[in-house]
$ cat protein10.txt   # compact mmCIF, C-alpha atoms and all ligand atoms
# COMPACT_ATOMS: atom_id res chain seq x y z
CA MET K 8 0.00 0.00 0.00
CA SER K 9 1.38 3.37 -0.91
CA GLN K 10 1.42 5.71 2.09
CA ASP K 11 1.66 8.93 0.11
CA LYS K 12 -1.81 8.73 -1.35
CA LYS K 13 -4.15 9.67 1.50
CA ASN K 14 -7.37 7.69 2.00
CA GLN K 15 -6.25 5.12 -0.43
CA VAL K 16 -8.32 1.96 -0.18
CA SER K 17 -6.17 -1.10 -0.44
CA ARG K 18 -7.17 -3.99 -2.62
CA ARG K 19 -7.74 -6.11 0.46
CA GLN K 20 -9.92 -3.48 2.13
CA PHE K 21 -11.90 -3.03 -1.04
CA LEU K 22 -12.56 -6.75 -1.31
CA ASN K 23 -13.49 -6.95 2.39
CA TYR K 24 -15.98 -4.11 2.09
CA THR K 25 -17.47 -5.50 -1.09
CA LEU K 26 -17.81 -9.01 0.26
CA THR K 27 -19.32 -7.79 3.52
CA GLY K 28 -21.71 -5.58 1.61
CA VAL K 29 -22.78 -8.29 -0.80
CA GLY K 30 -23.03 -10.81 2.03
CA GLY K 31 -25.10 -8.37 4.03
CA PHE K 32 -27.46 -7.86 1.12
CA MET K 33 -27.82 -11.58 0.61
CA ALA K 34 -28.51 -12.18 4.30
CA ALA K 35 -31.01 -9.33 4.41
CA GLY K 36 -32.68 -10.52 1.23
CA MET K 37 -33.08 -13.93 2.77
CA LEU K 38 -34.22 -12.82 6.19
CA ALA K 39 -36.51 -9.92 5.35
CA PRO K 40 -39.33 -12.00 3.84
CA MET K 41 -39.10 -14.53 6.66
CA VAL K 42 -39.24 -11.94 9.41
CA ARG K 43 -42.16 -10.16 7.76
CA PHE K 44 -43.86 -13.55 7.42
CA ALA K 45 -43.41 -14.32 11.11
CA ILE K 46 -44.67 -10.98 12.43
CA ASP K 47 -47.66 -10.74 10.10
CA PRO K 48 -50.27 -11.27 12.85
CA VAL K 49 -48.94 -8.22 14.71
CA LEU K 50 -49.38 -6.03 11.62
CA GLN K 51 -52.86 -7.20 10.69
CA PRO K 52 -55.50 -4.48 11.08
CA LYS K 53 -57.56 -4.90 14.23
CA ALA K 54 -60.68 -6.93 13.51
CA GLN K 55 -63.82 -4.82 13.57
CA GLY K 56 -66.13 -5.98 16.31
CA ASP K 57 -69.50 -6.70 14.76
CA TYR K 58 -72.50 -6.55 17.01
CA VAL K 59 -74.28 -9.85 17.41
CA SER K 60 -77.77 -10.42 18.73
CA THR K 61 -78.04 -12.05 22.12
CA GLY K 62 -81.71 -12.77 21.65
CA LYS K 63 -82.23 -11.16 25.03
CA SER K 64 -84.98 -8.57 25.32
CA VAL K 65 -83.80 -5.49 27.20
CA ASP K 66 -87.14 -5.41 29.01
CA GLU K 67 -86.06 -8.52 30.88
CA LEU K 68 -82.97 -6.79 32.26
CA THR K 69 -83.08 -5.67 35.87
CA SER K 70 -80.64 -4.07 38.24
CA GLU K 71 -79.43 -7.58 39.10
CA PRO K 72 -76.66 -8.89 36.82
CA GLN K 73 -77.97 -11.72 34.62
CA ARG K 74 -76.02 -14.25 32.71
CA VAL K 75 -76.54 -13.73 28.97
CA ASP K 76 -75.24 -16.38 26.60
CA PHE K 77 -74.60 -15.53 22.99
CA THR K 78 -72.71 -16.90 20.03
CA ILE K 79 -70.20 -15.23 17.76
CA ARG K 80 -68.78 -16.37 14.45
CA GLN K 81 -65.07 -16.56 15.06
CA VAL K 82 -62.56 -16.54 12.22
CA ASP K 83 -59.26 -17.99 13.33
CA ALA K 84 -57.14 -17.81 10.17
CA TRP K 85 -58.30 -20.82 8.09
CA TYR K 86 -60.58 -22.09 10.85
CA GLU K 87 -64.08 -20.68 11.27
CA SER K 88 -66.29 -21.68 14.13
CA ASP K 89 -69.16 -20.60 16.35
CA VAL K 90 -67.96 -19.70 19.80
CA SER K 91 -70.25 -19.25 22.77
CA LYS K 92 -69.70 -16.22 24.95
CA VAL K 93 -71.11 -15.04 28.23
CA ALA K 94 -71.84 -11.56 29.54
CA TRP K 95 -73.08 -10.37 32.91
CA VAL K 96 -75.71 -7.76 32.02
CA TYR K 97 -77.72 -5.39 34.17
CA LYS K 98 -79.32 -1.97 34.20
CA GLN K 99 -77.36 0.64 36.10
CA GLU K 100 -79.04 3.20 38.34
CA ASP K 101 -79.34 5.72 35.50
CA GLY K 102 -81.08 3.06 33.39
CA SER K 103 -78.13 2.49 31.06
CA ILE K 104 -77.05 -1.07 30.32
CA LEU K 105 -73.74 -2.48 31.50
CA ALA K 106 -72.56 -5.77 29.97
CA LEU K 107 -69.51 -7.10 31.78
CA SER K 108 -67.09 -9.69 30.48
CA PRO K 109 -66.84 -12.68 32.83
CA THR K 110 -63.12 -13.07 32.14
CA CYS K 111 -61.07 -12.41 35.24
CA THR K 112 -58.47 -9.72 34.62
CA HIS K 113 -56.01 -11.64 36.77
CA LEU K 114 -55.41 -14.81 34.77
CA GLY K 115 -58.59 -15.29 32.81
CA CYS K 116 -60.83 -17.57 34.87
CA PHE K 117 -64.61 -17.33 34.76
CA VAL K 118 -65.99 -14.80 37.19
CA GLY K 119 -69.41 -15.47 38.74
CA TRP K 120 -71.97 -13.07 40.16
CA ASN K 121 -73.12 -13.52 43.74
CA ASP K 122 -72.20 -17.18 43.79
CA ASN K 123 -70.00 -17.26 46.87
CA GLU K 124 -71.77 -16.94 50.18
CA ASN K 125 -68.85 -15.06 51.74
CA TYR K 126 -69.06 -12.32 49.14
CA PRO K 127 -72.71 -11.51 48.50
CA ASN K 128 -73.55 -9.21 45.60
CA MET K 129 -70.05 -9.20 44.21
CA PHE K 130 -68.29 -10.78 41.28
CA TYR K 131 -66.13 -13.58 42.59
CA CYS K 132 -63.34 -15.47 40.83
CA PRO K 133 -62.78 -18.95 42.27
CA CYS K 134 -59.25 -19.35 40.94
CA HIS K 135 -57.41 -17.05 43.34
CA ASP K 136 -60.26 -15.38 45.25
CA GLY K 137 -60.44 -12.36 42.96
CA LEU K 138 -63.23 -9.92 43.80
CA TYR K 139 -65.02 -7.20 41.87
CA GLU K 140 -67.76 -4.82 42.85
CA LYS K 141 -71.04 -4.83 40.99
CA SER K 142 -69.71 -2.08 38.71
CA GLY K 143 -66.94 -4.47 37.70
CA LYS K 144 -64.33 -2.49 39.60
CA ASN K 145 -61.71 -4.77 41.07
CA VAL K 146 -61.37 -4.83 44.84
CA PRO K 147 -57.87 -3.72 45.84
CA GLY K 148 -55.91 -6.36 47.70
CA THR K 149 -57.29 -9.20 45.59
CA PRO K 150 -55.34 -10.54 42.59
CA PRO K 151 -57.09 -8.76 39.68
CA THR K 152 -55.36 -5.54 38.66
CA ALA K 153 -58.06 -4.05 36.46
CA PRO K 154 -61.85 -3.87 36.34
CA LEU K 155 -63.80 -6.42 34.32
CA ALA K 156 -63.93 -5.51 30.64
CA ALA K 157 -67.25 -4.17 29.36
CA PHE K 158 -68.86 -5.28 26.10
CA GLU K 159 -69.86 -2.64 23.60
CA HIS K 160 -73.60 -2.89 23.31
CA ASP K 161 -76.48 -1.75 21.20
CA VAL K 162 -80.24 -2.17 21.34
CA LYS K 163 -82.21 -2.93 18.19
CA ASP K 164 -85.96 -3.61 18.28
CA GLY K 165 -85.72 -4.09 22.01
CA ILE K 166 -83.09 -6.82 21.66
CA LEU K 167 -79.63 -6.58 23.19
CA TYR K 168 -76.71 -6.72 20.78
CA LEU K 169 -73.15 -7.12 22.04
CA GLY K 170 -69.83 -6.26 20.39
CA LYS K 171 -66.24 -6.44 21.54
CA ALA K 172 -65.22 -6.53 25.18
CA ILE K 173 -63.29 -3.33 25.86
CA PRO K 174 -60.72 -3.45 28.68
CA ARG K 175 -61.16 -0.72 31.28
CA GLU K 176 -58.44 1.07 33.15
CA GLU K 177 -58.07 0.82 36.89
CA ALA K 178 -60.55 3.19 38.47
CA MET Z 25 -13.90 -56.23 9.68
CA ILE Z 26 -14.87 -53.06 11.50
CA ARG Z 27 -11.20 -52.39 12.10
CA LYS Z 28 -10.60 -52.69 8.37
CA ILE Z 29 -13.39 -50.30 7.52
CA TYR Z 30 -12.07 -47.86 10.11
CA ASP Z 31 -8.55 -48.07 8.75
CA TRP Z 32 -9.76 -47.66 5.20
CA ILE Z 33 -11.56 -44.45 6.10
CA ASP Z 34 -8.80 -43.24 8.41
CA GLU Z 35 -6.19 -43.69 5.73
CA ARG Z 36 -8.14 -41.40 3.43
CA VAL Z 37 -9.63 -38.74 5.71
CA ASP Z 38 -7.54 -39.02 8.89
CA ILE Z 39 -10.41 -39.25 11.38
CA THR Z 40 -8.39 -40.34 14.41
CA PRO Z 41 -7.46 -36.79 15.51
CA ILE Z 42 -11.12 -35.77 15.25
CA TRP Z 43 -12.50 -38.38 17.58
CA ARG Z 44 -9.47 -38.09 19.82
CA ASP Z 45 -10.25 -34.40 20.28
CA ILE Z 46 -13.83 -35.21 21.11
CA ALA Z 47 -13.61 -38.33 23.22
CA ASP Z 48 -10.09 -39.23 24.26
CA HIS Z 49 -9.20 -37.32 27.38
CA GLU Z 50 -8.45 -38.10 31.00
CA VAL Z 51 -11.12 -37.99 33.64
CA PRO Z 52 -9.43 -36.28 36.58
CA GLU Z 53 -9.52 -38.20 39.83
CA HIS Z 54 -11.63 -35.65 41.67
CA VAL Z 55 -14.51 -36.02 39.20
CA ASN Z 56 -14.43 -39.81 39.12
CA PRO Z 57 -17.07 -41.41 41.37
CA ALA Z 58 -14.95 -44.58 41.47
CA HIS Z 59 -12.40 -42.65 43.54
CA HIS Z 60 -14.66 -40.44 45.61
CA PHE Z 61 -18.28 -41.42 45.60
CA SER Z 62 -19.30 -37.81 46.23
CA ALA Z 63 -18.02 -37.04 42.74
CA PHE Z 64 -21.38 -38.30 41.44
CA VAL Z 65 -22.42 -34.63 41.45
CA TYR Z 66 -20.28 -34.26 38.32
CA CYS Z 67 -22.63 -36.60 36.47
CA PHE Z 68 -25.55 -34.22 36.34
CA GLY Z 69 -24.30 -32.32 33.31
CA GLY Z 70 -23.89 -35.54 31.37
CA LEU Z 71 -27.27 -36.78 32.58
CA THR Z 72 -28.87 -33.55 31.39
CA PHE Z 73 -27.37 -34.16 27.99
CA PHE Z 74 -28.47 -37.80 28.02
CA VAL Z 75 -32.08 -36.84 28.74
CA THR Z 76 -31.86 -34.10 26.09
CA VAL Z 77 -30.83 -36.74 23.55
CA ILE Z 78 -33.87 -38.81 24.61
CA GLN Z 79 -36.09 -35.76 24.14
CA ILE Z 80 -34.75 -35.07 20.70
CA LEU Z 81 -35.03 -38.68 19.52
CA SER Z 82 -38.45 -39.35 21.02
CA GLY Z 83 -39.65 -35.98 19.73
CA MET Z 84 -38.48 -36.78 16.22
CA PHE Z 85 -40.40 -40.04 16.31
CA LEU Z 86 -43.52 -38.41 17.77
CA THR Z 87 -43.69 -36.12 14.73
CA MET Z 88 -44.28 -39.21 12.57
CA TYR Z 89 -47.83 -39.29 13.92
CA TYR Z 90 -48.45 -35.89 15.45
CA VAL Z 91 -50.21 -33.15 13.45
CA PRO Z 92 -50.25 -29.52 14.65
CA ASP Z 93 -53.86 -28.84 13.66
CA ILE Z 94 -56.59 -27.98 16.14
CA GLU Z 95 -59.04 -30.46 14.63
CA ASN Z 96 -56.63 -33.37 14.73
CA ALA Z 97 -53.84 -32.69 17.22
CA TRP Z 98 -55.59 -34.31 20.16
CA ASN Z 99 -56.75 -37.23 18.05
CA SER Z 100 -53.29 -37.81 16.67
CA VAL Z 101 -51.80 -37.92 20.17
CA PHE Z 102 -54.61 -40.20 21.34
CA TYR Z 103 -54.02 -42.46 18.37
CA LEU Z 104 -50.26 -42.65 18.71
CA GLN Z 105 -50.60 -43.43 22.38
CA GLN Z 106 -53.46 -45.94 22.21
CA GLU Z 107 -53.10 -47.63 18.84
CA VAL Z 108 -49.48 -47.46 17.80
CA ALA Z 109 -47.17 -50.16 19.16
CA HIS Z 110 -45.04 -48.75 21.99
CA GLY Z 111 -46.72 -45.40 21.51
CA GLN Z 112 -47.28 -45.12 25.22
CA ILE Z 113 -43.58 -45.67 25.81
CA VAL Z 114 -42.37 -43.20 23.22
CA ARG Z 115 -44.81 -40.53 24.36
CA GLY Z 116 -44.01 -41.43 27.97
CA MET Z 117 -40.30 -40.90 27.36
CA HIS Z 118 -40.98 -37.47 25.90
CA HIS Z 119 -43.57 -36.56 28.53
CA TRP Z 120 -41.57 -37.58 31.61
CA GLY Z 121 -38.23 -36.68 30.06
CA ALA Z 122 -39.42 -33.09 29.74
CA SER Z 123 -39.64 -32.91 33.53
CA VAL Z 124 -36.55 -34.99 34.26
CA VAL Z 125 -34.42 -32.80 32.02
CA ILE Z 126 -35.34 -29.74 34.07
CA VAL Z 127 -34.52 -31.57 37.32
CA MET Z 128 -31.13 -32.67 35.98
CA LEU Z 129 -30.39 -29.19 34.65
CA PHE Z 130 -31.22 -27.79 38.07
CA LEU Z 131 -28.99 -30.28 39.93
CA HIS Z 132 -26.17 -29.58 37.47
CA THR Z 133 -26.60 -25.84 38.07
CA LEU Z 134 -26.53 -26.38 41.84
CA ARG Z 135 -23.29 -28.33 41.53
CA VAL Z 136 -21.66 -25.59 39.47
CA PHE Z 137 -22.97 -22.93 41.81
CA PHE Z 138 -21.91 -24.45 45.12
CA GLN Z 139 -18.51 -25.50 43.82
CA GLY Z 140 -17.94 -22.04 42.46
CA ALA Z 141 -17.10 -23.64 39.11
CA TYR Z 142 -18.55 -20.62 37.32
CA LYS Z 143 -15.69 -18.37 38.44
CA LYS Z 144 -12.98 -17.05 36.14
CA PRO Z 145 -12.23 -18.26 33.49
CA ARG Z 146 -15.60 -20.05 33.18
CA GLU Z 147 -18.01 -17.10 33.50
CA LEU Z 148 -19.01 -17.30 29.86
CA ASN Z 149 -20.00 -20.90 30.20
CA TRP Z 150 -22.29 -19.98 33.08
CA VAL Z 151 -23.94 -17.45 30.80
CA VAL Z 152 -24.36 -20.06 28.06
CA GLY Z 153 -25.77 -22.44 30.67
CA VAL Z 154 -28.39 -19.92 31.72
CA LEU Z 155 -29.37 -19.48 28.07
CA ILE Z 156 -29.69 -23.26 27.75
CA PHE Z 157 -31.96 -23.17 30.79
CA PHE Z 158 -34.20 -20.56 29.15
CA VAL Z 159 -34.35 -22.56 25.92
CA MET Z 160 -35.36 -25.65 27.92
CA LEU Z 161 -38.10 -23.71 29.66
CA GLY Z 162 -39.24 -22.52 26.24
CA LEU Z 163 -39.32 -26.09 24.95
CA GLY Z 164 -41.36 -27.23 27.92
CA LEU Z 165 -43.74 -24.32 27.52
CA THR Z 166 -44.32 -24.73 23.78
CA GLY Z 167 -44.44 -28.54 23.96
CA TYR Z 168 -47.09 -28.44 26.65
CA LEU Z 169 -49.64 -26.96 24.25
CA LEU Z 170 -49.14 -29.57 21.55
CA PRO Z 171 -51.46 -32.34 22.87
CA TRP Z 172 -54.26 -29.73 22.62
CA ASP Z 173 -56.24 -30.99 25.57
CA ASN Z 174 -57.94 -28.79 28.14
CA LYS Z 175 -54.92 -28.58 30.40
CA ALA Z 176 -52.69 -27.61 27.48
CA TYR Z 177 -55.16 -25.03 26.23
CA PHE Z 178 -55.73 -23.24 29.51
CA ALA Z 179 -52.09 -23.38 30.54
CA THR Z 180 -51.26 -21.63 27.28
CA GLN Z 181 -54.04 -19.11 27.82
CA VAL Z 182 -52.36 -18.21 31.13
CA THR Z 183 -48.90 -18.13 29.52
CA ILE Z 184 -50.13 -15.71 26.92
CA ASP Z 185 -51.83 -13.54 29.54
CA ILE Z 186 -48.51 -13.39 31.35
CA ALA Z 187 -46.74 -12.38 28.15
CA GLU Z 188 -49.37 -9.70 27.69
CA SER Z 189 -48.56 -8.20 31.08
CA VAL Z 190 -45.05 -7.23 29.95
CA PRO Z 191 -44.88 -3.41 30.00
CA TYR Z 192 -45.25 -1.56 26.65
CA ILE Z 193 -44.65 -4.48 24.28
CA GLY Z 194 -47.06 -6.93 25.98
CA ASP Z 195 -49.77 -6.63 23.34
CA TYR Z 196 -47.35 -7.26 20.48
CA LEU Z 197 -45.70 -10.10 22.33
CA LYS Z 198 -49.06 -11.73 22.89
CA THR Z 199 -50.03 -11.48 19.23
CA LEU Z 200 -46.61 -12.65 18.12
CA LEU Z 201 -46.87 -15.73 20.34
CA ALA Z 202 -50.52 -16.56 19.78
CA GLY Z 203 -50.72 -15.53 16.12
CA ASP Z 204 -53.90 -13.61 16.87
CA PRO Z 205 -54.67 -10.66 19.16
CA GLU Z 206 -57.52 -12.51 20.87
CA ILE Z 207 -57.70 -16.16 19.97
CA VAL Z 208 -55.64 -19.03 21.29
CA GLY Z 209 -56.31 -21.31 18.35
CA ALA Z 210 -55.16 -22.67 15.02
CA GLN Z 211 -52.33 -20.20 14.57
CA THR Z 212 -51.15 -20.56 18.16
CA LEU Z 213 -50.79 -24.31 17.74
CA THR Z 214 -48.83 -24.09 14.48
CA ARG Z 215 -46.58 -21.40 15.92
CA PHE Z 216 -45.87 -23.32 19.08
CA PHE Z 217 -45.20 -26.43 17.03
CA ALA Z 218 -42.71 -24.65 14.80
CA ILE Z 219 -40.98 -23.10 17.80
CA HIS Z 220 -40.95 -26.40 19.69
CA VAL Z 221 -39.70 -28.58 16.90
CA PHE Z 222 -37.45 -26.32 14.82
CA PHE Z 223 -36.51 -22.96 16.32
CA LEU Z 224 -35.68 -23.88 19.89
CA PRO Z 225 -33.92 -27.18 19.11
CA ALA Z 226 -31.75 -25.27 16.61
CA ALA Z 227 -30.91 -22.72 19.30
CA LEU Z 228 -30.29 -25.54 21.75
CA PHE Z 229 -27.79 -27.25 19.42
CA GLY Z 230 -25.83 -24.04 19.01
CA LEU Z 231 -25.72 -23.40 22.73
CA LEU Z 232 -24.79 -26.99 23.58
CA ALA Z 233 -21.97 -26.86 21.06
CA ALA Z 234 -20.66 -23.66 22.64
CA HIS Z 235 -21.02 -25.20 26.11
CA PHE Z 236 -19.05 -28.33 25.22
CA ILE Z 237 -16.36 -26.58 23.20
CA MET Z 238 -15.70 -24.30 26.15
CA ILE Z 239 -15.52 -27.26 28.52
CA ARG Z 240 -12.94 -28.94 26.29
CA ARG Z 241 -10.89 -25.75 26.03
CA GLN Z 242 -10.97 -24.86 29.70
CA GLY Z 243 -11.12 -28.32 31.21
CA ILE Z 244 -13.23 -29.26 34.17
CA SER Z 245 -12.70 -27.05 37.22
CA GLY Z 246 -10.24 -28.27 39.84
CA PRO Z 247 -11.01 -29.97 43.16
CA LEU Z 248 -12.36 -27.85 45.99
C1 LIG K 301 -35.03 -30.86 25.43
C2 LIG K 301 -35.94 -30.81 24.56
C3 LIG K 301 -37.47 -30.96 24.66
C4 LIG K 301 -38.35 -30.75 25.71
C5 LIG K 301 -38.01 -30.31 27.13
C6 LIG K 301 -39.68 -31.05 25.21
C7 LIG K 301 -40.88 -30.96 25.96
C8 LIG K 301 -42.14 -31.35 25.53
C9 LIG K 301 -43.35 -31.40 26.33
C10 LIG K 301 -43.47 -30.97 27.79
C11 LIG K 301 -44.36 -31.89 25.56
C12 LIG K 301 -45.79 -32.19 26.00
C13 LIG K 301 -45.86 -33.70 26.20
C14 LIG K 301 -47.07 -34.19 26.89
O1 LIG K 301 -47.78 -33.38 27.53
O2 LIG K 301 -47.30 -35.42 26.82
C15 LIG K 301 -43.82 -32.11 24.25
C16 LIG K 301 -44.56 -32.59 23.16
C17 LIG K 301 -44.06 -32.80 21.90
N1 LIG K 301 -42.74 -32.61 21.49
FE1 LIG K 301 -41.20 -32.01 22.68
N2 LIG K 301 -39.59 -31.40 23.89
C18 LIG K 301 -38.27 -31.34 23.51
C19 LIG K 301 -37.75 -31.61 22.25
C20 LIG K 301 -38.50 -31.98 21.13
C21 LIG K 301 -37.97 -32.16 19.80
C22 LIG K 301 -36.49 -31.97 19.42
C23 LIG K 301 -39.02 -32.52 18.99
C24 LIG K 301 -39.06 -32.85 17.51
C25 LIG K 301 -38.11 -32.86 16.68
C26 LIG K 301 -40.21 -32.57 19.82
C27 LIG K 301 -41.49 -32.91 19.36
C28 LIG K 301 -42.64 -32.95 20.14
C29 LIG K 301 -43.95 -33.34 19.66
C30 LIG K 301 -44.30 -33.77 18.23
C31 LIG K 301 -44.84 -33.25 20.77
C32 LIG K 301 -46.36 -33.55 20.78
C33 LIG K 301 -46.67 -34.99 21.13
C34 LIG K 301 -47.11 -35.16 22.56
O3 LIG K 301 -47.62 -34.22 23.14
O4 LIG K 301 -46.93 -36.27 23.09
N3 LIG K 301 -39.86 -32.21 21.11
N4 LIG K 301 -42.45 -31.79 24.25
S1 LIG K 302 -57.74 -15.77 37.67
FE1 LIG K 302 -59.27 -14.73 38.76
S2 LIG K 302 -58.27 -14.37 40.61
FE2 LIG K 302 -56.70 -15.32 39.48

$ encode --input "protein10.txt" --output "structure tokens"
Amino acid sequence: MSQDKKNQVSRRQFLNYTLTGVGGFMAAGMLAPMVRFAIDPVLQPKAQGDYVSTGKSVDELTSEPQRVDFTIRQVDAWYESDVSKVAWVYKQEDGSILALSPTCTHLGCFVGWNDNENYPNMFYCPCHDGLYEKSGKNVPGTPPTAPLAAFEHDVKDGILYLGKAIPREEA
Amino acid sequence: MIRKIYDWIDERVDITPIWRDIADHEVPEHVNPAHHFSAFVYCFGGLTFFVTVIQILSGMFLTMYYVPDIENAWNSVFYLQQEVAHGQIVRGMHHWGASVVIVMLFLHTLRVFFQGAYKKPRELNWVVGVLIFFVMLGLGLTGYLLPWDNKAYFATQVTIDIAESVPYIGDYLKTLLAGDPEIVGAQTLTRFFAIHVFFLPAALFGLLAAHFIMIRRQGISGPL
């Protein structure tokens, strides 16, 4: 290598850079499609929650949470199926409807209303003694860290329609 | 006969140095249970590897019948266990081996820890060991879903809820693992299968190679 010419790239350096560059392109060209392939579910647009009929007449709702069973059409990639869902539904004091998800915000067990004699008129989770008030607000000091999610709801021709369960922040 | 075959190959490709590097070395007295019975604690690393080999072989054979599809996964496991000759044994090896391997790994780690064998110059091998431990946990976690029974399904539901609780990236992590933002289903099973059978074993091989090469370079740590 001649020292007098400043910034001269030696033959060896040139080959190193070129090979690294070409190798890098080849590696990237190989990996890019695979990585995009793997993370596709994360980049899918959020599914729009359609409202489905529960068949439940809103006139039957009272201020006492009732178990409402309904069925949604679930599309899981290439697998479509009917999935049964449950909501705890009641009329709040102002007359508006609250439809709570029964899924415990701790680790996902099924939360029941008023079914444990030690905790009357509360939502109780049998898995780790999680407790929620009637509003769905979690009782501090029990495992759940957030209130029960609430379903989006709609009323058409006096029938209750439910949509997606929306998580609620800690009150 | 075998000798002749060996010589024929050795003459052409000189394999003796290769297997000598791998297998032919002294077992120091302080790690030989024949000298000091208490040296049995040195066996746990080898036992971990032995059980890992069982896992890999039995797992390879299980995939001859197993299908990672939510309609058929459970049925395929039921079939291979009930109808296929020795199916119960092969599945049993994989099922129980998955627990035994963790126990062995743990005992091996205790040995290394209490003997201080992780100290200079072997710090890096401790790090590799911890990575092996994580890969094993990952294998256990992803394998557990594969039979697609109730226990598998709900355990995975909990796993994914835990992943979701990671700050900031939890939601992405959940979707990345489950293949869907809400459903534990068809895509979760195929993902877990791919991770269980291809990705993690590949990572495990790399880590094991690094672990063993370092052991050969540095030798086993001296007596206490
Ligand atoms: C150290 C490595 C491994 C560990 C700890 C491990 C762990 C597990 C566990 C816990 C299960 C669930 C078994 C049950 O509940 O009965 C499982 C299932 C399975 N594993 Fe592995 N595994 C390992 C390596 C492998 C490899 C290398 C393959 C394939 C090449 C494999 C293929 C399978 C298959 C096909 C199943 C489903 C069949 C069944 O559930 O019985 N595994 N594994
Ligand atoms: S899952 Fe409900 S309290 Fe733990």

$ residues_near_ligand --input "protein10.txt" --ligand "ligand LIG 301 (chain K)" --cutoff "6 Å" --atoms "all atoms listed in the file" --output "number ranges by chain"
Z: 76, 79-80, 83-84, 86-87, 90, 101, 115, 119, 122, 160, 163-164, 167-168, 170-171, 221, 225

$ write_last_selection --input "protein10.txt" --atoms "C-alpha atoms" --output "compact mmCIF listing (two decimals), in the frame of the given file"
# COMPACT_ATOMS: atom_id res chain seq x y z
CA THR Z 76 -31.86 -34.10 26.09
CA GLN Z 79 -36.09 -35.76 24.14
CA ILE Z 80 -34.75 -35.07 20.70
CA GLY Z 83 -39.65 -35.98 19.73
CA MET Z 84 -38.48 -36.78 16.22
CA LEU Z 86 -43.52 -38.41 17.77
CA THR Z 87 -43.69 -36.12 14.73
CA TYR Z 90 -48.45 -35.89 15.45
CA VAL Z 101 -51.80 -37.92 20.17
CA ARG Z 115 -44.81 -40.53 24.36
CA HIS Z 119 -43.57 -36.56 28.53
CA ALA Z 122 -39.42 -33.09 29.74
CA MET Z 160 -35.36 -25.65 27.92
CA LEU Z 163 -39.32 -26.09 24.95
CA GLY Z 164 -41.36 -27.23 27.92
CA GLY Z 167 -44.44 -28.54 23.96
CA TYR Z 168 -47.09 -28.44 26.65
CA LEU Z 170 -49.14 -29.57 21.55
CA PRO Z 171 -51.46 -32.34 22.87
CA VAL Z 221 -39.70 -28.58 16.90
CA PRO Z 225 -33.92 -27.18 19.11

$ residues_near_ligand --input "protein10.txt" --ligand "ligand LIG 302 (chain K)" --cutoff "9 Å" --atoms "all atoms listed in the file" --output "PyMOL selection string"
(chain K and resi 110-118+131-138+149-151) or (chain Z and resi 182)

$ closest_atom_pairs --input "protein10.txt" --of "chain Z" --to "chain K" --cutoff "8 Å" --atoms "only C-alpha atoms" --output "Markdown table"
| residue | atom | partner | partner_atom | distance |
| --- | --- | --- | --- | --- |
| Z:Gln181 | CA | K:Gly115 | CA | 7.8 |
| Z:Val182 | CA | K:Leu114 | CA | 5.8 |
| Z:Asp185 | CA | K:Leu114 | CA | 6.5 |
| Z:Ile186 | CA | K:Leu114 | CA | 7.8 |
| Z:Tyr196 | CA | K:Val49 | CA | 6.1 |
| Z:Thr199 | CA | K:Val49 | CA | 5.7 |
| Z:Leu200 | CA | K:Val49 | CA | 6.1 |
| Z:Gly203 | CA | K:Pro48 | CA | 5.4 |
| Z:Asp204 | CA | K:Pro48 | CA | 5.9 |
| Z:Pro205 | CA | K:Val49 | CA | 7.7 |
| Z:Ile207 | CA | K:Asp83 | CA | 7.1 |
| Z:Gly209 | CA | K:Asp83 | CA | 6.7 |
| Z:Ala210 | CA | K:Asp83 | CA | 6.4 |
| Z:Gln211 | CA | K:Ala84 | CA | 6.9 |

$ atom_distance --input "protein10.txt" --atom1 "atom CA of Ala202 of chain Z" --atom2 "atom CA of Phe217 of chain Z"
11.5 Å

$ atom_distance --input "protein10.txt" --atom1 "atom CA of Tyr58 of chain K" --atom2 "atom CA of Asp101 of chain K"
23.2 Å

$ residues_near_point --input "protein10.txt" --point "(-53.7, -35.2, 20.1)" --cutoff "12 Å" --atoms "all atoms listed in the file" --output "number ranges by chain"
Z: 86-87, 89-106, 115, 168-174, 176-177, 213

$ closest_residue --input "protein10.txt" --among "Z:Met128, Z:Ile193, Z:Cys67, Z:Val108" --to "Phe85 of chain Z" --atoms "all atoms listed in the file"
Z:Val108
